Amino acid sequence: MTTELAGKQLLIVAGSSGIGRQLAQDAVDQGAQVTITGRSADAVQAVAASIEGTVATAVVDLSNEESIAELADELSRREVVVEHLISLANAPAKAPVEKLEREAIVRAFDAKVIGALLLVKHLRPTVSVTLFSGIVAWRPKAGMAVTATTNGAVAFLAQTLAVELAPVRVNAVSPGIIDSGAWDGVGKDKLFADTAARNPARRIGTTRDVSTAVLAAITNPFLTGTVLHLDGGARLV
Ligand SMILES: NC(=O)c1ccc[n+]([C@@H]2O[C@H](COP(=O)([O-])OP(=O)(O)OC[C@H]3O[C@@H](n4cnc5c(N)ncnc54)[C@H](OP(=O)(O)O)[C@@H]3O)[C@@H](O)[C@H]2O)c1
């Protein structure tokens, strides 16, 4: 199939997450050369094997700069020049402030903010960077101070990197509630029903809703420094 993504190199960090896996599948379907990463080689290889088509895998832990530098070396050994970098990494620290542990807070910032900066530092993507924010930055909730703050930081990071890395384009994607697997086992039926009843879109999101928007964003040459809200309008109500 000939598409704008045919032959393009995509690196999807945390590509074994629900949204990341869908993105990898859809990018491969459009002819892209895709590498997905996880923190465990076995786990990420299992996800790659579940994708129809060819997906390369690599290992990286964003809480460790050496691991990020090793990923850059490994990709260079494979002669992969990262054109589009997408990071979905997320290590949420959800708790009331009085119960928050410093290590959990740092892990959350490593996954979304510090890790994103270090990925850009070591990988030098040549066309676009897409970072994952999230609705709670715009709709604060008790117990979500760290998640809201990391997601908010991602939005500001995207706009400042868009200026610094130009003409490489940098955007953030802010999902609302998405049926990605992340909510399985945490009372998702009630959460999904309540969210769908309130959202202007009157439903929750699918991983495909997000992957379609990411692929549109990375191929749009005039889109940079912005946040794409994929939340069914949830932040408005
Ligand atoms: N699903 C939603 O409703 C929703 C809503 C708002 C925002 N988002 C955002 O959308 C993105 C994807 O969400 P999702 O639901 O598909 O996935 P997710 O369940 O949040 O998974 C994120 C992945 O991040 C990886 N990770 C955690 N710490 C890491 C680290 N130090 N280094 C590298 N990777 C690390 C983990 O992968 P491994 O264990 O394989 O390494 C984990 O599977 C996330 O950024 C999330 O915050 C999602």
# chains A, B, ... in the order shown; residues from 1 in each chain; ligands from 1
call {"tool": "residues_near_ligand", "arguments": {"ligand": "ligand 1", "cutoff": "8 Å", "atoms": "only C-alpha atoms and all ligand atoms", "output": "number ranges by chain"}}
result
A: 13-21, 37-40, 43-44, 60-64, 87-92, 107-108, 110-112, 115, 131-136, 147, 151, 173-183, 205, 207
call {"tool": "residues_around", "arguments": {"residues": "segment 155-159 of chain A", "least_positions_apart": "4", "cutoff": "7 Å", "atoms": "only C-alpha atoms", "output": "list in words"}}
result
Ser133, Asn151, Val163, Val170, Asn171, Ala172, Gly225, Thr226 and Val227 of chain A
call {"tool": "atom_distance", "arguments": {"atom1": "atom CA of Val82 of chain A", "atom2": "atom CA of Ile218 of chain A"}}
result
12.7 Å
call {"tool": "select_by_dssp", "arguments": {"residues": "segment 20-212 of chain A", "states": "alpha helix (DSSP H)", "output": "NGL selection string"}}
result
:A and (20-29 or 41-49 or 65-77 or 102-109 or 115-123 or 145-164 or 188-198 or 207-212)
call {"tool": "residues_around", "arguments": {"residues": "Ala197 of chain A", "least_positions_apart": "4", "cutoff": "12 Å", "atoms": "only C-alpha atoms", "output": "ChimeraX atom specification"}}
result
/A:190-193,201-204,232-234,237
call {"tool": "write_last_selection", "arguments": {"atoms": "C-alpha atoms", "output": "PDB file, in the first residue's frame"}}
result
ATOM      1  CA  LYS A 190     -19.025   2.194  35.877  1.00  0.00           C
ATOM      2  CA  LEU A 191     -16.263   4.572  34.805  1.00  0.00           C
ATOM      3  CA  PHE A 192     -17.036   3.984  31.136  1.00  0.00           C
ATOM      4  CA  ALA A 193     -20.808   4.327  31.588  1.00  0.00           C
ATOM      5  CA  ALA A 201     -19.402  12.572  22.148  1.00  0.00           C
ATOM      6  CA  ARG A 202     -21.597  10.303  24.325  1.00  0.00           C
ATOM      7  CA  ARG A 203     -19.104   7.488  24.337  1.00  0.00           C
ATOM      8  CA  ILE A 204     -15.637   6.653  25.567  1.00  0.00           C
ATOM      9  CA  GLY A 232     -14.908  13.342  23.250  1.00  0.00           C
ATOM     10  CA  GLY A 233     -15.216  16.908  24.543  1.00  0.00           C
ATOM     11  CA  ALA A 234     -14.932  15.732  28.152  1.00  0.00           C
ATOM     12  CA  VAL A 237     -18.437  19.632  30.624  1.00  0.00           C
TER      13      VAL A 237
END
call {"tool": "atom_distance", "arguments": {"atom1": "atom CA of Ala6 of chain A", "atom2": "atom CA of Gln33 of chain A"}}
result
7.7 Å
call {"tool": "residues_around", "arguments": {"residues": "Asp26 of chain A", "least_positions_apart": "4", "cutoff": "12 Å", "atoms": "only C-alpha atoms", "output": "mmCIF file with C-alpha atoms, in the first residue's frame"}}
result
data_model
loop_
_atom_site.group_PDB
_atom_site.id
_atom_site.type_symbol
_atom_site.label_atom_id
_atom_site.label_comp_id
_atom_site.auth_asym_id
_atom_site.auth_seq_id
_atom_site.Cartn_x
_atom_site.Cartn_y
_atom_site.Cartn_z
ATOM 1 C CA THR A 3 0.647 6.053 1.836
ATOM 2 C CA LEU A 5 3.916 6.759 5.891
ATOM 3 C CA ALA A 6 5.194 4.111 3.509
ATOM 4 C CA LEU A 10 8.537 5.209 13.514
ATOM 5 C CA ILE A 19 -2.825 2.589 22.477
ATOM 6 C CA GLY A 20 0.792 1.951 21.446
ATOM 7 C CA ARG A 21 -0.014 -1.494 20.092
ATOM 8 C CA GLN A 22 -2.919 -0.140 18.018
ATOM 9 C CA GLN A 30 0.180 2.019 6.175
ATOM 10 C CA GLY A 31 3.579 0.678 5.179
ATOM 11 C CA ALA A 32 5.707 2.271 7.921
ATOM 12 C CA GLN A 33 8.837 0.652 9.365
ATOM 13 C CA VAL A 34 7.940 0.393 13.033
ATOM 14 C CA ILE A 51 0.749 -7.555 15.364
ATOM 15 C CA GLU A 52 -0.005 -8.451 11.765
ATOM 16 C CA GLY A 53 3.058 -7.547 9.693
ATOM 17 C CA THR A 54 6.650 -6.891 10.687
ATOM 18 C CA VAL A 55 7.495 -4.862 13.785
ATOM 19 C CA THR A 207 -7.479 2.955 20.782
ATOM 20 C CA ARG A 208 -8.243 3.431 17.080
ATOM 21 C CA ASP A 209 -9.645 6.944 17.772
ATOM 22 C CA VAL A 210 -6.247 7.866 19.177
ATOM 23 C CA SER A 211 -4.023 6.067 16.676
ATOM 24 C CA THR A 212 -5.852 7.620 13.709
ATOM 25 C CA ALA A 213 -5.261 11.093 15.151
ATOM 26 C CA VAL A 214 -1.585 10.415 15.904
ATOM 27 C CA LEU A 215 -0.928 9.218 12.360
ATOM 28 C CA ALA A 216 -2.735 12.273 10.984
#
call {"tool": "atom_distance", "arguments": {"atom1": "atom CA of Asp231 of chain A", "atom2": "atom CA of His84 of chain A"}}
result
23.2 Å
call {"tool": "select_by_dssp", "arguments": {"residues": "segment 11-168 of chain A", "states": "strand (DSSP E)", "output": "VMD selection string"}}
result
chain A and resid 11 to 13 33 to 38 55 to 59 84 to 87 128 to 132
call {"tool": "closest_residue", "arguments": {"among": "A:Leu236, A:Leu117, A:Ala27, A:Ala69", "to": "Trp138 of chain A", "atoms": "only C-alpha atoms"}}
result
A:Leu236
call {"tool": "residues_around", "arguments": {"residues": "Ala166 of chain A", "least_positions_apart": "4", "cutoff": "10 Å", "atoms": "only C-alpha atoms", "output": "PyMOL selection string"}}
result
chain A and resi 126-128+160-162+170+224-225
call {"tool": "decode", "arguments": {"residues": "segment 54-155 of chain A", "atoms": "C-alpha atoms", "output": "PDB file, in the first residue's frame"}}
result
ATOM      1  CA  THR A  54       6.650  -6.891  10.687  1.00  0.00           C
ATOM      2  CA  VAL A  55       7.495  -4.862  13.785  1.00  0.00           C
ATOM      3  CA  ALA A  56      10.974  -4.554  15.269  1.00  0.00           C
ATOM      4  CA  THR A  57      11.431  -4.385  19.030  1.00  0.00           C
ATOM      5  CA  ALA A  58      13.865  -2.747  21.428  1.00  0.00           C
ATOM      6  CA  VAL A  59      14.183  -2.228  25.143  1.00  0.00           C
ATOM      7  CA  VAL A  60      14.286   1.052  27.024  1.00  0.00           C
ATOM      8  CA  ASP A  61      13.551   2.255  30.525  1.00  0.00           C
ATOM      9  CA  LEU A  62      12.970   5.997  30.575  1.00  0.00           C
ATOM     10  CA  SER A  63      13.965   6.246  34.232  1.00  0.00           C
ATOM     11  CA  ASN A  64      17.541   5.427  33.227  1.00  0.00           C
ATOM     12  CA  GLU A  65      19.517   7.710  30.890  1.00  0.00           C
ATOM     13  CA  GLU A  66      22.031   4.941  30.167  1.00  0.00           C
ATOM     14  CA  SER A  67      19.200   2.760  28.902  1.00  0.00           C
ATOM     15  CA  ILE A  68      18.093   5.584  26.589  1.00  0.00           C
ATOM     16  CA  ALA A  69      21.658   6.060  25.318  1.00  0.00           C
ATOM     17  CA  GLU A  70      21.893   2.285  24.712  1.00  0.00           C
ATOM     18  CA  LEU A  71      18.657   2.418  22.710  1.00  0.00           C
ATOM     19  CA  ALA A  72      20.188   5.159  20.548  1.00  0.00           C
ATOM     20  CA  ASP A  73      23.315   3.011  19.997  1.00  0.00           C
ATOM     21  CA  GLU A  74      21.222  -0.050  19.182  1.00  0.00           C
ATOM     22  CA  LEU A  75      19.128   1.829  16.619  1.00  0.00           C
ATOM     23  CA  SER A  76      22.254   3.257  15.065  1.00  0.00           C
ATOM     24  CA  ARG A  77      23.743  -0.280  14.818  1.00  0.00           C
ATOM     25  CA  ARG A  78      20.540  -1.274  12.995  1.00  0.00           C
ATOM     26  CA  GLU A  79      20.938   1.815  10.784  1.00  0.00           C
ATOM     27  CA  VAL A  80      17.558   3.102  11.925  1.00  0.00           C
ATOM     28  CA  VAL A  81      17.180   6.875  11.717  1.00  0.00           C
ATOM     29  CA  VAL A  82      14.150   7.756  13.809  1.00  0.00           C
ATOM     30  CA  GLU A  83      11.908   9.966  11.705  1.00  0.00           C
ATOM     31  CA  HIS A  84       8.827   9.949  13.934  1.00  0.00           C
ATOM     32  CA  LEU A  85       9.235   9.474  17.687  1.00  0.00           C
ATOM     33  CA  ILE A  86       6.113   8.763  19.717  1.00  0.00           C
ATOM     34  CA  SER A  87       6.251   8.181  23.460  1.00  0.00           C
ATOM     35  CA  LEU A  88       3.311   6.754  25.358  1.00  0.00           C
ATOM     36  CA  ALA A  89       5.221   5.881  28.524  1.00  0.00           C
ATOM     37  CA  ASN A  90       3.235   6.385  31.685  1.00  0.00           C
ATOM     38  CA  ALA A  91       3.925   5.426  35.302  1.00  0.00           C
ATOM     39  CA  PRO A  92       1.041   7.062  37.134  1.00  0.00           C
ATOM     40  CA  ALA A  93       1.318   7.887  40.838  1.00  0.00           C
ATOM     41  CA  LYS A  94      -2.321   8.105  41.876  1.00  0.00           C
ATOM     42  CA  ALA A  95      -2.808   8.866  45.564  1.00  0.00           C
ATOM     43  CA  PRO A  96      -3.850  11.677  47.871  1.00  0.00           C
ATOM     44  CA  VAL A  97      -0.931  14.037  48.437  1.00  0.00           C
ATOM     45  CA  GLU A  98      -0.362  12.876  52.020  1.00  0.00           C
ATOM     46  CA  LYS A  99       0.182   9.316  50.768  1.00  0.00           C
ATOM     47  CA  LEU A 100       2.476  10.114  47.847  1.00  0.00           C
ATOM     48  CA  GLU A 101       5.940   8.571  47.925  1.00  0.00           C
ATOM     49  CA  ARG A 102       8.798  10.560  46.434  1.00  0.00           C
ATOM     50  CA  GLU A 103       9.986   7.557  44.358  1.00  0.00           C
ATOM     51  CA  ALA A 104       6.564   7.187  42.734  1.00  0.00           C
ATOM     52  CA  ILE A 105       6.427  10.888  41.911  1.00  0.00           C
ATOM     53  CA  VAL A 106       9.870  10.728  40.300  1.00  0.00           C
ATOM     54  CA  ARG A 107       8.909   7.585  38.315  1.00  0.00           C
ATOM     55  CA  ALA A 108       5.899   9.433  36.932  1.00  0.00           C
ATOM     56  CA  PHE A 109       8.013  12.425  35.856  1.00  0.00           C
ATOM     57  CA  ASP A 110      10.669  10.084  34.425  1.00  0.00           C
ATOM     58  CA  ALA A 111       8.117   8.317  32.247  1.00  0.00           C
ATOM     59  CA  LYS A 112       6.360  11.370  30.841  1.00  0.00           C
ATOM     60  CA  VAL A 113       8.633  14.392  31.134  1.00  0.00           C
ATOM     61  CA  ILE A 114      12.292  13.678  31.926  1.00  0.00           C
ATOM     62  CA  GLY A 115      12.265  10.560  29.752  1.00  0.00           C
ATOM     63  CA  ALA A 116      10.764  12.495  26.849  1.00  0.00           C
ATOM     64  CA  LEU A 117      13.512  15.114  27.069  1.00  0.00           C
ATOM     65  CA  LEU A 118      16.211  12.444  27.195  1.00  0.00           C
ATOM     66  CA  LEU A 119      14.699  10.536  24.272  1.00  0.00           C
ATOM     67  CA  VAL A 120      14.903  13.684  22.178  1.00  0.00           C
ATOM     68  CA  LYS A 121      18.451  14.354  23.430  1.00  0.00           C
ATOM     69  CA  HIS A 122      19.754  10.895  22.455  1.00  0.00           C
ATOM     70  CA  LEU A 123      17.602   9.882  19.483  1.00  0.00           C
ATOM     71  CA  ARG A 124      17.417  13.172  17.572  1.00  0.00           C
ATOM     72  CA  PRO A 125      14.197  12.416  15.656  1.00  0.00           C
ATOM     73  CA  THR A 126      14.238  14.034  12.226  1.00  0.00           C
ATOM     74  CA  VAL A 127      10.568  14.736  11.401  1.00  0.00           C
ATOM     75  CA  SER A 128       8.217  14.679  14.394  1.00  0.00           C
ATOM     76  CA  VAL A 129       7.823  14.002  18.088  1.00  0.00           C
ATOM     77  CA  THR A 130       4.511  13.102  19.688  1.00  0.00           C
ATOM     78  CA  LEU A 131       4.176  12.988  23.470  1.00  0.00           C
ATOM     79  CA  PHE A 132       1.250  11.715  25.504  1.00  0.00           C
ATOM     80  CA  SER A 133      -0.514  14.042  27.905  1.00  0.00           C
ATOM     81  CA  GLY A 134      -4.033  13.360  29.286  1.00  0.00           C
ATOM     82  CA  ILE A 135      -7.316  14.971  30.199  1.00  0.00           C
ATOM     83  CA  VAL A 136      -6.744  15.125  33.935  1.00  0.00           C
ATOM     84  CA  ALA A 137      -4.378  18.084  33.345  1.00  0.00           C
ATOM     85  CA  TRP A 138      -7.462  20.076  32.250  1.00  0.00           C
ATOM     86  CA  ARG A 139     -10.048  18.416  34.561  1.00  0.00           C
ATOM     87  CA  PRO A 140      -8.276  18.093  37.928  1.00  0.00           C
ATOM     88  CA  LYS A 141      -9.417  15.422  40.366  1.00  0.00           C
ATOM     89  CA  ALA A 142      -8.454  14.650  43.948  1.00  0.00           C
ATOM     90  CA  GLY A 143      -5.708  12.043  44.111  1.00  0.00           C
ATOM     91  CA  MET A 144      -4.441  12.938  40.645  1.00  0.00           C
ATOM     92  CA  ALA A 145      -1.992  15.755  41.428  1.00  0.00           C
ATOM     93  CA  VAL A 146       0.993  13.939  39.948  1.00  0.00           C
ATOM     94  CA  THR A 147      -0.832  12.706  36.850  1.00  0.00           C
ATOM     95  CA  ALA A 148      -2.317  16.137  36.196  1.00  0.00           C
ATOM     96  CA  THR A 149       1.050  17.814  36.638  1.00  0.00           C
ATOM     97  CA  THR A 150       3.011  15.406  34.434  1.00  0.00           C
ATOM     98  CA  ASN A 151       0.317  15.660  31.745  1.00  0.00           C
ATOM     99  CA  GLY A 152       0.332  19.450  31.977  1.00  0.00           C
ATOM    100  CA  ALA A 153       4.129  19.479  31.757  1.00  0.00           C
ATOM    101  CA  VAL A 154       3.939  17.391  28.579  1.00  0.00           C
ATOM    102  CA  ALA A 155       1.723  20.014  26.939  1.00  0.00           C
TER     103      ALA A 155
END
